[in-house]
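Student: Provided herewith: start_22.cif, mmCIF, C-alpha atoms.
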```
data_data
loop_
_atom_site.label_atom_id
_atom_site.label_comp_id
_atom_site.auth_asym_id
_atom_site.auth_seq_id
_atom_site.Cartn_x
_atom_site.Cartn_y
_atom_site.Cartn_z
CA MET R 1 72.97 4.87 -109.11
CA ILE R 2 69.94 4.27 -106.92
CA ASP R 3 69.36 6.98 -104.33
CA TYR R 4 69.24 6.03 -100.65
CA ASP R 5 65.48 6.46 -100.21
CA SER R 6 64.86 4.15 -103.16
CA GLN R 7 67.32 1.60 -101.72
CA LEU R 8 65.38 1.58 -98.45
CA LYS R 9 62.11 1.28 -100.36
CA ILE R 10 63.40 -1.77 -102.22
CA GLN R 11 64.26 -3.32 -98.87
CA ALA R 12 60.85 -2.43 -97.42
CA TYR R 13 59.28 -3.97 -100.55
CA LEU R 14 61.17 -7.19 -99.88
CA ASP R 15 60.03 -7.19 -96.24
CA GLY R 16 56.41 -6.50 -97.17
CA GLU R 17 56.43 -3.23 -95.26
CA LEU R 18 55.29 -0.91 -98.03
CA PRO R 19 51.72 0.30 -98.53
CA GLU R 20 50.10 -1.05 -101.67
CA ALA R 21 50.61 2.09 -103.79
CA GLU R 22 54.32 2.36 -103.01
CA ALA R 23 54.81 -1.36 -103.50
CA GLN R 24 53.40 -1.00 -107.02
CA GLN R 25 55.83 1.85 -107.76
CA VAL R 26 58.78 -0.28 -106.66
CA ALA R 27 57.54 -3.23 -108.71
CA LYS R 28 57.35 -0.94 -111.73
CA ARG R 29 60.92 0.23 -111.18
CA LEU R 30 62.15 -3.35 -110.76
CA ALA R 31 60.68 -4.18 -114.15
CA GLN R 32 62.90 -1.54 -115.79
CA ASP R 33 66.00 -1.13 -113.62
CA GLN R 34 68.58 -3.94 -113.57
CA GLU R 35 70.55 -2.32 -110.74
CA ALA R 36 67.46 -2.33 -108.56
CA VAL R 37 66.89 -6.00 -109.40
CA LEU R 38 70.45 -6.87 -108.37
CA LEU R 39 70.09 -5.00 -105.07
CA LEU R 40 66.80 -6.75 -104.34
CA SER R 41 68.44 -10.09 -105.15
CA GLU R 42 71.37 -9.43 -102.80
CA LEU R 43 69.07 -8.40 -99.95
CA ARG R 44 66.88 -11.45 -100.53
CA ASN R 45 69.86 -13.83 -100.56
CA THR R 46 71.19 -12.42 -97.29
CA ARG R 47 67.81 -12.66 -95.63
CA GLN R 48 67.37 -16.23 -96.82
CA ALA R 49 70.86 -17.20 -95.65
CA MET R 50 70.09 -15.87 -92.16
CA VAL R 51 66.82 -17.78 -91.97
CA ASN R 52 68.43 -21.00 -93.21
CA ALA R 53 71.33 -20.65 -90.80
CA GLN R 54 69.17 -20.35 -87.74
CA ALA R 55 70.40 -23.20 -85.60
CA PRO R 56 68.73 -24.73 -82.59
CA MET R 57 71.07 -24.19 -79.64
CA ALA R 58 71.20 -26.06 -76.37
CA LEU R 59 71.94 -24.37 -73.09
CA PRO R 60 75.26 -25.83 -71.94
CA GLU R 61 74.04 -26.64 -68.41
CA THR R 62 71.97 -29.51 -67.06
CA ARG R 63 68.29 -28.98 -66.34
CA GLU R 64 68.82 -29.55 -62.62
CA PHE R 65 71.80 -27.23 -62.27
CA PHE R 66 70.23 -24.40 -64.26
CA TRP R 67 66.97 -24.67 -62.33
CA SER R 68 68.77 -24.78 -58.98
CA LYS R 69 70.36 -21.39 -59.76
CA ILE R 70 67.02 -19.89 -60.77
CA GLU R 71 65.27 -21.31 -57.71
CA ARG R 72 67.98 -20.01 -55.39
CA GLU R 73 67.83 -16.53 -56.94
CA ILE R 74 64.03 -16.43 -56.71
CA GLY R 75 64.26 -17.48 -53.06
CA ARG R 76 66.94 -14.91 -52.35
CA GLN R 77 64.93 -12.09 -53.90
CA GLU R 78 61.69 -13.12 -52.21
CA SER R 79 63.06 -13.58 -48.68
CA PRO R 80 62.89 -10.40 -46.58
CA GLN R 81 66.31 -8.86 -46.11
CA PRO R 82 67.30 -8.49 -42.42
CA ALA R 83 67.78 -4.90 -41.28
CA PRO R 84 71.45 -3.99 -40.94
CA ARG R 85 72.56 -4.17 -37.30
CA ARG R 86 74.52 -1.48 -35.61
CA ASN R 87 78.16 -2.18 -34.97
CA SER R 88 77.84 -5.22 -37.16
CA MET R 89 81.62 -5.30 -37.71
CA LEU R 90 82.28 -5.38 -33.99
CA ALA R 91 79.66 -8.05 -33.49
CA ALA R 92 81.15 -10.12 -36.27
CA TRP R 93 84.60 -9.87 -34.67
CA ARG R 94 83.20 -10.92 -31.32
CA ARG R 95 81.42 -13.87 -32.88
CA MET R 96 84.70 -14.98 -34.44
CA LEU R 97 86.92 -14.30 -31.46
CA VAL R 98 84.91 -16.13 -28.79
CA PRO R 99 85.04 -19.59 -30.37
CA ALA R 100 88.57 -19.03 -31.67
CA GLY R 101 89.77 -18.10 -28.18
CA ALA R 102 88.06 -21.11 -26.65
CA VAL R 103 89.58 -23.46 -29.22
CA ALA R 104 93.03 -21.96 -28.70
CA ALA R 105 92.77 -22.36 -24.93
CA VAL R 106 91.62 -25.97 -25.15
CA GLY R 107 94.40 -26.70 -27.63
CA LEU R 108 96.99 -25.21 -25.34
CA VAL R 109 95.74 -27.24 -22.38
CA CYS R 110 95.76 -30.43 -24.43
CA MET R 111 99.30 -29.82 -25.60
CA LEU R 112 100.56 -29.17 -22.12
CA SER R 113 98.74 -32.13 -20.64
CA LEU R 114 100.52 -34.41 -23.12
CA VAL R 115 103.78 -33.61 -21.43
CA SER R 116 104.07 -36.42 -18.88
CA SER R 117 107.09 -35.12 -16.99
CA PRO R 118 106.39 -33.59 -13.60
CA GLY R 119 107.58 -30.23 -14.98
CA PRO R 120 105.50 -27.08 -15.20
CA ARG R 121 101.82 -27.62 -16.19
CA MET R 122 98.98 -25.46 -17.32
CA GLU R 123 95.46 -26.32 -16.19
CA THR R 124 92.05 -24.88 -16.61
CA ALA R 125 88.97 -25.57 -14.57
CA LEU R 126 85.93 -26.76 -16.53
CA ALA R 127 83.70 -24.75 -14.25
CA ASP R 128 85.56 -21.57 -15.09
CA SER R 129 87.07 -21.49 -18.58
CA GLY R 130 88.38 -17.98 -17.95
CA ALA R 131 90.79 -19.12 -15.21
CA PHE R 132 94.12 -20.76 -16.07
CA THR R 133 96.42 -22.35 -13.51
CA TYR R 134 100.20 -22.67 -14.03
CA ARG R 135 101.90 -25.22 -11.78
CA ASP R 136 105.63 -25.92 -11.48
CA TYR R 137 105.99 -28.99 -9.25
CA ASN R 138 109.77 -28.69 -9.10
CA SER R 139 109.75 -25.25 -7.61
CA GLY R 140 106.36 -25.67 -5.90
CA ALA R 141 104.96 -22.58 -7.60
CA THR R 142 101.32 -22.13 -8.71
CA LEU R 143 100.09 -19.21 -10.73
CA VAL R 144 96.38 -18.60 -11.39
CA TRP R 145 95.62 -16.33 -14.36
CA LEU R 146 92.17 -14.83 -14.80
CA SER R 147 91.37 -13.81 -18.38
CA TYR R 148 88.44 -11.57 -17.45
CA PRO R 149 88.62 -8.19 -15.72
CA ALA R 150 88.48 -8.06 -11.94
CA GLU R 151 85.09 -7.13 -10.51
CA ASN R 152 85.73 -6.75 -6.79
CA GLU R 153 87.81 -4.69 -4.49
CA PHE R 154 90.17 -7.48 -3.56
CA ALA R 155 91.06 -8.19 -7.20
CA ASP R 156 91.48 -4.47 -7.90
CA SER R 157 94.03 -4.16 -5.12
CA GLU R 158 95.96 -7.30 -6.03
CA PRO R 159 97.96 -8.26 -9.16
CA ALA R 160 96.29 -10.56 -11.68
CA GLY R 161 97.78 -13.72 -10.27
CA THR R 162 97.96 -15.27 -6.82
CA VAL R 163 101.13 -16.94 -5.68
CA GLN R 164 100.81 -19.83 -3.30
CA MET E 1 55.37 -36.40 -50.64
CA THR E 2 55.34 -36.97 -54.41
CA GLU E 3 56.26 -34.32 -57.00
CA LYS E 4 53.62 -33.61 -59.64
CA ASP E 5 54.45 -34.86 -63.12
CA TYR E 6 53.87 -32.00 -65.52
CA SER E 7 55.71 -33.45 -68.50
CA THR E 8 52.54 -33.87 -70.57
CA THR E 9 50.74 -30.73 -69.37
CA ASP E 10 50.33 -27.89 -71.88
CA ASP E 11 51.99 -24.49 -71.39
CA GLN E 12 48.75 -22.66 -70.61
CA THR E 13 47.91 -24.96 -67.72
CA LEU E 14 51.47 -24.76 -66.45
CA VAL E 15 51.39 -20.96 -66.55
CA ARG E 16 48.11 -20.92 -64.58
CA ALA E 17 49.59 -23.25 -61.97
CA ALA E 18 52.79 -21.21 -61.77
CA GLN E 19 50.76 -18.01 -61.37
CA LYS E 20 49.29 -19.60 -58.25
CA GLY E 21 52.80 -20.15 -56.92
CA ASP E 22 53.48 -23.68 -58.15
CA MET E 23 57.26 -23.77 -58.61
CA THR E 24 57.21 -27.29 -60.09
CA ALA E 25 55.02 -26.03 -62.93
CA PHE E 26 57.40 -23.13 -63.50
CA GLU E 27 60.37 -25.49 -63.52
CA GLU E 28 58.69 -27.46 -66.29
CA LEU E 29 58.22 -24.24 -68.30
CA VAL E 30 61.89 -23.41 -67.80
CA ALA E 31 62.91 -26.87 -68.98
CA ARG E 32 60.77 -26.54 -72.11
CA HIS E 33 61.86 -23.08 -73.21
CA ARG E 34 65.35 -22.65 -71.75
CA ASP E 35 67.20 -23.55 -74.97
CA LYS E 36 65.30 -21.00 -77.05
CA ILE E 37 65.80 -18.28 -74.45
CA TYR E 38 69.51 -19.07 -74.22
CA ALA E 39 69.85 -19.14 -78.03
CA ARG E 40 68.27 -15.71 -78.34
CA ALA E 41 70.53 -14.28 -75.63
CA TYR E 42 73.56 -15.82 -77.31
CA SER E 43 72.62 -14.49 -80.74
CA MET E 44 72.59 -11.00 -79.25
CA VAL E 45 75.54 -10.95 -76.85
CA ARG E 46 77.68 -13.64 -78.52
CA ASN E 47 79.25 -14.79 -75.28
CA GLU E 48 78.33 -18.10 -73.67
CA GLU E 49 78.68 -17.07 -70.02
CA GLU E 50 76.88 -13.77 -70.48
CA ALA E 51 74.11 -15.55 -72.39
CA ILE E 52 73.66 -18.08 -69.56
CA ASP E 53 73.56 -15.32 -66.93
CA LEU E 54 71.12 -13.23 -68.95
CA SER E 55 68.82 -16.14 -69.64
CA GLN E 56 68.86 -17.04 -65.93
CA GLU E 57 68.00 -13.43 -65.08
CA ALA E 58 65.19 -13.54 -67.63
CA TRP E 59 63.67 -16.60 -65.93
CA VAL E 60 63.80 -14.92 -62.52
CA LYS E 61 62.11 -11.84 -64.02
CA GLY E 62 59.60 -14.12 -65.75
CA TRP E 63 58.62 -15.64 -62.40
CA GLN E 64 58.28 -12.22 -60.80
CA ARG E 65 56.14 -10.85 -63.65
CA LEU E 66 54.09 -13.98 -64.20
CA ALA E 67 50.94 -12.27 -62.96
CA GLN E 68 51.26 -9.80 -65.88
CA PHE E 69 51.21 -12.57 -68.48
CA GLN E 70 47.73 -12.57 -69.95
CA GLY E 71 48.31 -15.07 -72.73
CA GLU E 72 48.06 -12.67 -75.70
CA SER E 73 51.13 -14.39 -77.12
CA GLY E 74 52.66 -17.78 -76.38
CA PHE E 75 54.61 -18.16 -73.16
CA GLY E 76 57.85 -18.76 -75.11
CA THR E 77 57.34 -15.54 -77.10
CA TRP E 78 56.65 -13.60 -73.90
CA MET E 79 59.81 -14.95 -72.30
CA THR E 80 61.79 -14.16 -75.47
CA ARG E 81 60.72 -10.51 -75.21
CA ILE E 82 61.97 -10.43 -71.62
CA VAL E 83 65.39 -11.83 -72.53
CA ILE E 84 65.68 -9.50 -75.55
CA ASN E 85 65.05 -6.48 -73.33
CA LEU E 86 67.60 -7.69 -70.79
CA CYS E 87 70.17 -8.23 -73.55
CA LEU E 88 69.54 -4.76 -74.96
CA ASP E 89 70.06 -3.20 -71.51
CA HIS E 90 73.21 -5.26 -71.07
CA LEU E 91 74.58 -4.22 -74.49
CA ARG E 92 73.77 -0.56 -73.87
CA LYS E 93 75.65 -0.68 -70.56
CA GLN E 94 78.59 -2.33 -72.29
CA LYS E 95 78.57 0.29 -75.01
CA ARG E 96 78.59 3.14 -72.52
CA GLN E 97 81.73 1.62 -71.04
CA ARG E 98 83.67 1.65 -74.28
CA SER E 99 84.09 3.99 -77.22
CA GLU E 100 81.65 3.90 -80.10
CA SER E 101 82.20 1.18 -82.62
CA ILE E 102 83.45 1.92 -86.11
CA ASP E 103 80.28 0.41 -87.48
CA ALA E 104 78.11 2.87 -85.61
CA MET E 105 80.25 5.75 -86.83
CA ASP E 106 79.93 4.52 -90.40
CA GLU E 107 76.18 4.50 -90.06
CA GLU E 108 76.07 8.01 -88.68
CA SER E 109 78.63 9.51 -91.06
CA GLY E 110 76.61 8.93 -94.20
CA GLY E 111 76.66 5.19 -94.61
CA VAL E 112 79.26 3.33 -96.62
CA GLU E 113 76.56 0.79 -97.40
CA ARG E 114 75.09 3.14 -99.98
CA GLN E 115 78.25 2.98 -102.05
CA MET E 116 79.01 -0.70 -101.54
CA PRO E 117 78.94 -2.62 -104.84
CA VAL E 118 76.05 -5.03 -105.11
CA VAL E 119 76.98 -8.66 -104.49
CA THR E 120 75.83 -10.24 -107.70
CA VAL E 121 76.66 -13.85 -106.83
CA ASN E 122 75.02 -15.51 -103.87
CA PRO E 123 77.99 -16.12 -101.52
CA THR E 124 76.18 -18.86 -99.63
CA ALA E 125 74.91 -20.82 -102.60
CA GLY E 126 75.76 -24.50 -102.44
CA LEU E 127 76.86 -24.40 -98.81
CA GLU E 128 75.76 -27.15 -96.47
CA ARG E 129 73.69 -26.03 -93.52
CA GLY E 130 76.51 -26.49 -91.01
CA GLU E 131 78.92 -24.50 -93.16
CA LEU E 132 76.34 -21.81 -93.74
CA ARG E 133 75.74 -21.50 -89.99
CA GLN E 134 79.43 -21.13 -89.32
CA ARG E 135 79.85 -18.41 -91.91
CA ILE E 136 76.79 -16.47 -90.80
CA ASP E 137 77.97 -16.83 -87.23
CA ARG E 138 81.40 -15.43 -88.04
CA ALA E 139 79.94 -12.59 -90.09
CA LEU E 140 77.40 -11.69 -87.38
CA GLY E 141 80.25 -11.53 -84.89
CA GLN E 142 81.79 -8.73 -86.92
CA LEU E 143 78.72 -6.49 -86.81
CA SER E 144 78.05 -3.92 -84.12
CA HIS E 145 75.44 -4.97 -81.56
CA GLU E 146 72.87 -2.53 -83.00
CA HIS E 147 73.13 -4.03 -86.46
CA ARG E 148 73.23 -7.59 -85.20
CA THR E 149 70.20 -6.99 -82.97
CA VAL E 150 68.10 -5.51 -85.74
CA LEU E 151 68.90 -8.54 -87.93
CA VAL E 152 68.14 -11.01 -85.15
CA LEU E 153 64.82 -9.33 -84.34
CA HIS E 154 63.79 -9.12 -87.98
CA GLU E 155 64.99 -12.44 -89.38
CA PHE E 156 64.79 -14.71 -86.32
CA GLU E 157 61.97 -13.16 -84.31
CA GLU E 158 60.12 -12.05 -87.44
CA MET E 159 59.31 -8.68 -85.92
CA GLU E 160 57.97 -5.85 -88.08
CA TYR E 161 59.86 -2.55 -88.36
CA LYS E 162 57.44 -0.87 -85.95
CA GLU E 163 57.90 -3.54 -83.31
CA ILE E 164 61.69 -3.46 -83.64
CA ALA E 165 61.66 0.31 -83.27
CA LYS E 166 59.62 0.03 -80.08
CA THR E 167 61.85 -2.70 -78.66
CA MET E 168 65.08 -0.88 -79.50
CA GLY E 169 63.78 2.56 -78.56
CA CYS E 170 64.48 4.20 -81.93
CA SER E 171 62.58 5.44 -84.98
CA ILE E 172 61.32 3.25 -87.84
CA GLY E 173 63.70 5.16 -90.12
CA THR E 174 66.65 4.12 -87.95
CA VAL E 175 65.47 0.50 -88.03
CA MET E 176 65.27 0.58 -91.84
CA SER E 177 68.68 2.17 -92.11
CA ARG E 178 70.29 -0.24 -89.65
CA LEU E 179 68.70 -3.26 -91.28
CA PHE E 180 69.86 -2.11 -94.70
CA TYR E 181 73.41 -1.54 -93.49
CA ALA E 182 73.47 -4.85 -91.59
CA ARG E 183 72.30 -6.83 -94.62
CA ARG E 184 74.69 -5.17 -97.03
CA LYS E 185 77.60 -5.53 -94.64
CA LEU E 186 76.69 -9.15 -93.99
CA ALA E 187 76.62 -9.84 -97.75
CA ALA E 188 80.07 -8.25 -98.15
CA LEU E 189 81.44 -10.23 -95.18
CA LEU E 190 80.06 -13.46 -96.59
CA VAL E 191 81.82 -12.76 -99.89
CA ASP E 192 85.08 -12.15 -97.99
CA LEU E 193 84.66 -15.40 -96.07
CA LYS E 194 84.03 -17.25 -99.31
CA LYS E 195 87.19 -15.76 -100.81
CA ASP E 196 89.12 -16.73 -97.65
CA ASP E 197 87.94 -20.30 -97.97
CA LEU E 198 88.93 -20.40 -101.63
CA GLY E 199 92.34 -18.94 -100.80
CA MET E 200 91.71 -15.89 -102.93
CA THR E 201 93.01 -13.31 -100.43
#
```
Taking this structure as input, can you express it in the form of structure tokens?
Tutor:
Amino acid sequence: MIDYDSQLKIQAYLDGELPEAEAQQVAKRLAQDQEAVLLLSELRNTRQAMVNAQAPMALPETREFFWSKIEREIGRQESPQPAPRRNSMLAAWRRMLVPAGAVAAVGLVCMLSLVSSPGPRMETALADSGAFTYRDYNSGATLVWLSYPAENEFADSEPAGTVQ
Amino acid sequence: MTEKDYSTTDDQTLVRAAQKGDMTAFEELVARHRDKIYARAYSMVRNEEEAIDLSQEAWVKGWQRLAQFQGESGFGTWMTRIVINLCLDHLRKQKRQRSESIDAMDEESGGVERQMPVVTVNPTAGLERGELRQRIDRALGQLSHEHRTVLVLHEFEEMEYKEIAKTMGCSIGTVMSRLFYARRKLAALLVDLKKDDLGMT
């Protein structure tokens, strides 16, 4: 049985990692010890199999696609990061709510204007998108609804709508 | 505006141009070496998606560290070192997240490889290259990442023990021991695969 140190030396001999003196000692042993020869042969076969099996591999992505990802990542890492803004959540909500509210209001007006009967109607003035007018021609009632808070004394003292 | 055609320009000139900020030159370098970098990542992590991500990360790092490349080795070799280091970090992180492999415990508990009978017949003799690749591939997949890495660095990258030790952050003795275990285990696995194919199990 070959001891562990000698096993490692046989491997180092195969890999050309031993100093000259030690390499000569191993060569001497190999000339006398069949077990050492068999171990060397196994190690050599495995090494050779690995080298022979080395296969060229192709990256499974196109040149353009792979490069576009690298280019984007380089750009992302090189561009200065904007400083985080305060109340960024609130600001993000506001940014989403303003256009969504406007779209909803326009949609509502369009739907109501499609109704051709002289029944109740909803209108909004282009000059003031915050004011909505409800008209019922049958009962002769008009209701103006302001979506923003009142800013003057008169509005503060009156309800939100004005009845004609 | 016309794009420069770098297809016939040598690597050295491309590197110099890329060091001055020329992205087209760098793109040409990526195109030339991307398969090798991917192959090395795959041989270490053995997962296609992870290998693609790691090779992409290596290219980004390569661009960022391009000023440090002095040309002592070839550009492909330099890039290979970058991807190897990224793969090693990735594998270490993965290992921390799971329990130690049986292979690693074997190595530390005295080494079954010392008692393994010597494989007297070459288990890959007479195999065609494609078959040989498949068998080696399957056998490599059964090794722990430490043993696979030491084999890849030694047999594919032709690194010396000292260089492997430096790359893997361990002693030369550990490299020798891991390489010995990996080779002996690989030989035993190849014998098993041969028996499987012959219907002997």
Student: Given the file above and the PyMOL selection byres ((chain R) within 8 of (chain E)), which residues are selected, and can you give them as a PDB file with C-alpha atoms, keeping the file's coordinate frame?
Tutor:
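selection-v5.pdb written:
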```pdb
ATOM      1  CA  TYR R   4      69.240   6.030-100.650  1.00  0.00           C
ATOM      2  CA  LEU R   8      65.380   1.580 -98.450  1.00  0.00           C
ATOM      3  CA  GLN R  11      64.260  -3.320 -98.870  1.00  0.00           C
ATOM      4  CA  ALA R  12      60.850  -2.430 -97.420  1.00  0.00           C
ATOM      5  CA  GLU R  17      56.430  -3.230 -95.260  1.00  0.00           C
ATOM      6  CA  LEU R  38      70.450  -6.870-108.370  1.00  0.00           C
ATOM      7  CA  LEU R  39      70.090  -5.000-105.070  1.00  0.00           C
ATOM      8  CA  SER R  41      68.440 -10.090-105.150  1.00  0.00           C
ATOM      9  CA  GLU R  42      71.370  -9.430-102.800  1.00  0.00           C
ATOM     10  CA  LEU R  43      69.070  -8.400 -99.950  1.00  0.00           C
ATOM     11  CA  ASN R  45      69.860 -13.830-100.560  1.00  0.00           C
ATOM     12  CA  THR R  46      71.190 -12.420 -97.290  1.00  0.00           C
ATOM     13  CA  ARG R  47      67.810 -12.660 -95.630  1.00  0.00           C
ATOM     14  CA  ALA R  49      70.860 -17.200 -95.650  1.00  0.00           C
ATOM     15  CA  MET R  50      70.090 -15.870 -92.160  1.00  0.00           C
ATOM     16  CA  VAL R  51      66.820 -17.780 -91.970  1.00  0.00           C
ATOM     17  CA  ASN R  52      68.430 -21.000 -93.210  1.00  0.00           C
ATOM     18  CA  ALA R  53      71.330 -20.650 -90.800  1.00  0.00           C
ATOM     19  CA  GLN R  54      69.170 -20.350 -87.740  1.00  0.00           C
ATOM     20  CA  ALA R  55      70.400 -23.200 -85.600  1.00  0.00           C
ATOM     21  CA  PRO R  56      68.730 -24.730 -82.590  1.00  0.00           C
ATOM     22  CA  MET R  57      71.070 -24.190 -79.640  1.00  0.00           C
ATOM     23  CA  ALA R  58      71.200 -26.060 -76.370  1.00  0.00           C
ATOM     24  CA  LEU R  59      71.940 -24.370 -73.090  1.00  0.00           C
ATOM     25  CA  ARG R  63      68.290 -28.980 -66.340  1.00  0.00           C
ATOM     26  CA  PHE R  66      70.230 -24.400 -64.260  1.00  0.00           C
ATOM     27  CA  TRP R  67      66.970 -24.670 -62.330  1.00  0.00           C
ATOM     28  CA  LYS R  69      70.360 -21.390 -59.760  1.00  0.00           C
ATOM     29  CA  ILE R  70      67.020 -19.890 -60.770  1.00  0.00           C
ATOM     30  CA  GLU R  73      67.830 -16.530 -56.940  1.00  0.00           C
ATOM     31  CA  ILE R  74      64.030 -16.430 -56.710  1.00  0.00           C
TER      32      ILE R  74
END
```
Student: Leaving out Ser73 (chain E) and any residue of its chain fewer than 6 positions from it, which residues lie within 12 Å of it when counting all atoms listed in the file, given as an MDAnalysis selection string?
Tutor: chainID E and resid 11:12 79:81
Student: Keeping only C-alpha atoms, write the selected residues as a compact mmCIF listing (two decimals), keeping the file's coordinate frame.
Tutor:
```txt
# COMPACT_ATOMS: atom_id res chain seq x y z
CA ASP E 11 51.99 -24.49 -71.39
CA GLN E 12 48.75 -22.66 -70.61
CA MET E 79 59.81 -14.95 -72.30
CA THR E 80 61.79 -14.16 -75.47
CA ARG E 81 60.72 -10.51 -75.21
```
Student: Compile the contact shell of Ile2 (chain R) as a PDB file with C-alpha atoms, keeping the file's coordinate frame: residues with an atom at most 8 Å away, counting all atoms listed in the file, same-chain residues fewer than 5 positions apart removed.
Tutor:
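Below is the file part_2.pdb, written as the result:
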```pdb
ATOM      1  CA  GLN R   7      67.320   1.600-101.720  1.00  0.00           C
ATOM      2  CA  GLU R  35      70.550  -2.320-110.740  1.00  0.00           C
ATOM      3  CA  ALA R  36      67.460  -2.330-108.560  1.00  0.00           C
TER       4      ALA R  36
END
```
Student: For the provided coordinates, the residues matched by the PyMOL selection byres ((chain R and resi 23-29) around 12) should be stated as a list of chain:residue names.
Tutor: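 Applying the expression gives R:Ile2, R:Asp5, R:Ser6, R:Gln7, R:Leu8, R:Lys9, R:Ile10, R:Gln11, R:Ala12, R:Tyr13, R:Leu14, R:Asp15, R:Gly16, R:Glu17, R:Leu18, R:Pro19, R:Glu20, R:Ala21, R:Glu22, R:Leu30, R:Ala31, R:Gln32, R:Asp33, R:Gln34, R:Glu35, R:Ala36, R:Val37, R:Leu40.
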Student: So the first atom is CA of Glu71 (chain R) and the second is CA of Leu88 (chain E); what is the distance between them in Å, to one decimal place?
Tutor: 24.3 Å
Student: CA of Gln48 (chain R) and CA of Leu91 (chain E), how far apart in Å?
Tutor: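 The value is 26.4 Å.
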Student: Hey, can you check how far CA of His147 (chain E) sits from CA of Val175 (chain E)?
Tutor: 9.0 Å
